[in-house]
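Presented below is the structure to which this report refers.
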Amino acid sequence: MKVKYFAWVRERVGKAEETIEPPGSVRTVEELIAWLSGQSEAHAYAFEKPKVIRAAIDRAHVKSDAVIAGAGEIAFFPPMTGG
Amino acid sequence: MTCPVTIRIQEDDFDIAREIAVLTKSRTDIGAVVSFSGICRADEESAKIAALTLEHYPGMAEEEIKRHVEEATSRWPLNGVTVIHRVGRLMPGQNIVLVLTASQHRQAAFQAAEFLMDYLKTSAPFWKKEESATGTGWVEAHARDDEAAARWTKS
């Protein structure tokens, strides 16, 4: 599945997107964040405060308990500051 | 009642008068147009801002704005909506965002414009990075913006 990062999450991870293959035991957004945090120091830094991170599955906002099965694109970003 | 909707995300500036003219052209059913524009401000609490850079999530930003415009048109009798959000590097005094709402009467137009702006701030995927004399940093979200958006869910 494709993962996208925006704003300071992108800067901390060090890339705008990547393709990942998490194990089947990773079922929810929250579990994916925990798994991603273990992938590198940069990921751990980006996700050090997981409660702050917002997520979207296939371009729609989701909560941390959302199931990731079937997702084409998952995005992680800080709270929005547009407008 | 027709309600044309225009949603654009662009680097270029917009002309408010021109956008209103486009929205109201050949229409005699519109009695009110409310225009909100958000402008890049130089004065923040900490330091003078030299520039803002706006990042967005292409695709989702348009879809999220569209979802809220659809909700606005279902809640208020609107005759037209325009939302334009700029991205890229902006200097103080430059336009950031434009919301136009047209209706037969002013109340619907005022309320819908406010509703759209409150949701643009809290749920449209845009992020601001500030440049000042002391360096650059991402703007933090304000609880007051979440509170402003939450009041529309009270019923």
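Residues are named by chain letter and number: chains run A, B, ... in the order of the structure tokens, numbers start at 1 in each chain, and ligands are numbered from 1 in the order shown.
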For this session: Just need the residues of chain B within 8 Å of chain A, counting only C-alpha atoms, so spit them out as a PyMOL selection string.
Result: chain B and resi 38+54-57+59-60+63-64+85+96-97+117+120-128+138-141
Could you dump the residues just selected with N, CA and C atoms as a tab-separated table (two decimals), in the first residue's frame?
chain	number	residue	atom	x	y	z
B	38	GLY	N	-9.30	35.52	3.11
B	38	GLY	CA	-8.26	35.36	4.12
B	38	GLY	C	-6.96	35.89	3.53
B	54	LEU	N	2.24	27.52	1.77
B	54	LEU	CA	1.09	26.65	1.96
B	54	LEU	C	1.26	25.36	1.19
B	55	GLU	N	1.16	24.26	1.94
B	55	GLU	CA	1.24	22.92	1.34
B	55	GLU	C	-0.17	22.33	1.38
B	56	HIS	N	-0.50	21.48	0.42
B	56	HIS	CA	-1.80	20.81	0.46
B	56	HIS	C	-1.67	19.37	0.00
B	57	TYR	N	-2.74	18.63	0.22
B	57	TYR	CA	-2.81	17.23	-0.20
B	57	TYR	C	-3.65	17.22	-1.48
B	59	GLY	N	-5.87	16.42	-4.49
B	59	GLY	CA	-6.92	15.41	-4.58
B	59	GLY	C	-7.81	15.45	-3.35
B	60	MET	N	-7.23	15.20	-2.18
B	60	MET	CA	-8.06	15.22	-0.98
B	60	MET	C	-8.54	16.63	-0.66
B	63	GLU	N	-11.53	17.32	-2.72
B	63	GLU	CA	-12.66	16.46	-2.33
B	63	GLU	C	-13.24	16.88	-0.98
B	64	GLU	N	-12.37	17.27	-0.06
B	64	GLU	CA	-12.83	17.68	1.27
B	64	GLU	C	-13.63	18.99	1.18
B	85	HIS	N	-8.54	28.41	-2.97
B	85	HIS	CA	-7.49	28.38	-1.95
B	85	HIS	C	-6.14	28.39	-2.65
B	96	ILE	N	-4.97	34.58	0.53
B	96	ILE	CA	-4.78	33.14	0.74
B	96	ILE	C	-6.01	32.37	0.26
B	97	VAL	N	-7.18	32.82	0.70
B	97	VAL	CA	-8.39	32.03	0.44
B	97	VAL	C	-9.57	32.95	0.15
B	117	MET	N	-15.82	28.42	5.98
B	117	MET	CA	-14.51	28.84	6.48
B	117	MET	C	-14.11	28.05	7.72
B	120	LEU	N	-13.01	24.74	6.47
B	120	LEU	CA	-11.76	24.84	5.70
B	120	LEU	C	-10.57	24.85	6.65
B	121	LYS	N	-10.71	25.57	7.76
B	121	LYS	CA	-9.61	25.71	8.72
B	121	LYS	C	-9.28	24.40	9.40
B	122	THR	N	-10.29	23.60	9.69
B	122	THR	CA	-10.05	22.43	10.53
B	122	THR	C	-10.01	21.11	9.78
B	123	SER	N	-10.59	21.04	8.58
B	123	SER	CA	-10.61	19.72	7.95
B	123	SER	C	-10.15	19.67	6.50
B	124	ALA	N	-9.88	20.80	5.88
B	124	ALA	CA	-9.31	20.74	4.53
B	124	ALA	C	-7.79	20.59	4.69
B	125	PRO	N	-7.20	19.62	3.98
B	125	PRO	CA	-5.77	19.33	4.20
B	125	PRO	C	-4.83	20.37	3.58
B	126	PHE	N	-4.64	21.45	4.34
B	126	PHE	CA	-3.67	22.49	4.00
B	126	PHE	C	-2.84	22.75	5.25
B	127	TRP	N	-1.57	23.09	5.04
B	127	TRP	CA	-0.68	23.38	6.17
B	127	TRP	C	0.15	24.61	5.83
B	128	LYS	N	0.31	25.48	6.85
B	128	LYS	CA	1.07	26.71	6.67
B	128	LYS	C	2.42	26.61	7.37
B	138	TRP	N	6.34	25.30	11.27
B	138	TRP	CA	4.95	25.01	10.89
B	138	TRP	C	4.00	25.67	11.87
B	139	VAL	N	2.96	26.25	11.34
B	139	VAL	CA	1.93	26.89	12.17
B	139	VAL	C	1.19	25.79	12.93
B	140	GLU	N	0.93	26.05	14.20
B	140	GLU	CA	0.19	25.06	15.00
B	140	GLU	C	-1.30	25.32	14.90
B	141	ALA	N	-2.06	24.23	14.93
B	141	ALA	CA	-3.51	24.37	14.88
B	141	ALA	C	-4.01	24.96	16.20
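The residue set within 10 Å of Ala148 of chain B, counting only C-alpha atoms and dropping same-chain residues fewer than 2 places from it, reads Glu114, Phe115, Met117, Asp118, Tyr119, Lys121, Thr122, Ala143, Arg144, Asp145, Asp146, Ala150, Arg151 and Trp152 of chain B.
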Problem set entry | Polymer residues at most 10 Å from segment 45-49 of chain A, only C-alpha atoms, same-chain spacing of 6 or more positions, as a ChimeraX atom specification | /A:5,8-14,33-34,36-38,76-78
For Ile7 of chain B, list every protein, DNA or RNA residue within 12 Å, evaluated using only C-alpha atoms, and leave out those in the same chain fewer than 2 positions away; present the list as a PDB file with C-alpha atoms, in the first residue's frame.
ATOM      1  CA  PRO B   4     -23.103  26.383  -9.548  1.00  0.00           C
ATOM      2  CA  VAL B   5     -20.069  25.412  -7.505  1.00  0.00           C
ATOM      3  CA  ILE B   9      -6.664  25.307  -5.655  1.00  0.00           C
ATOM      4  CA  GLN B  10      -4.058  27.422  -7.350  1.00  0.00           C
ATOM      5  CA  GLU B  19     -15.162  36.020  -9.136  1.00  0.00           C
ATOM      6  CA  GLY B  59      -6.922  15.405  -4.580  1.00  0.00           C
ATOM      7  CA  ALA B  61      -8.104  19.010  -0.556  1.00  0.00           C
ATOM      8  CA  GLU B  62     -10.529  19.416  -3.465  1.00  0.00           C
ATOM      9  CA  GLU B  63     -12.657  16.459  -2.328  1.00  0.00           C
ATOM     10  CA  GLU B  64     -12.835  17.680   1.271  1.00  0.00           C
ATOM     11  CA  ILE B  65     -13.894  21.175   0.196  1.00  0.00           C
ATOM     12  CA  LYS B  66     -16.484  19.636  -2.137  1.00  0.00           C
ATOM     13  CA  ARG B  67     -17.936  17.542   0.696  1.00  0.00           C
ATOM     14  CA  HIS B  68     -18.400  20.651   2.829  1.00  0.00           C
ATOM     15  CA  VAL B  69     -19.831  22.693  -0.028  1.00  0.00           C
ATOM     16  CA  GLU B  70     -22.355  19.894  -0.569  1.00  0.00           C
ATOM     17  CA  GLY B  80     -23.857  29.602  -5.939  1.00  0.00           C
ATOM     18  CA  VAL B  81     -20.603  28.857  -4.100  1.00  0.00           C
ATOM     19  CA  THR B  82     -17.004  29.647  -5.008  1.00  0.00           C
ATOM     20  CA  VAL B  83     -14.027  28.469  -2.956  1.00  0.00           C
ATOM     21  CA  ILE B  84     -10.497  29.319  -4.070  1.00  0.00           C
ATOM     22  CA  HIS B  85      -7.486  28.381  -1.945  1.00  0.00           C
ATOM     23  CA  ARG B  86      -3.966  29.377  -2.873  1.00  0.00           C
ATOM     24  CA  VAL B  97      -8.385  32.033   0.439  1.00  0.00           C
ATOM     25  CA  LEU B  98     -11.697  33.206  -1.005  1.00  0.00           C
ATOM     26  CA  VAL B  99     -15.176  31.967  -0.120  1.00  0.00           C
ATOM     27  CA  LEU B 100     -18.194  33.357  -1.965  1.00  0.00           C
TER      28      LEU B 100
END
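Here the strand (DSSP E or B) residues in chain A, by DSSP on the backbone, are Lys2, Val3, Lys4, Tyr5, Glu17, Glu18, Thr19, Thr28, Arg54, Ala55, Ala56, Ile57, Ala60, His61, Val62, Val67, Glu73, Ile74, Ala75, Phe76 and Phe77 of chain A.
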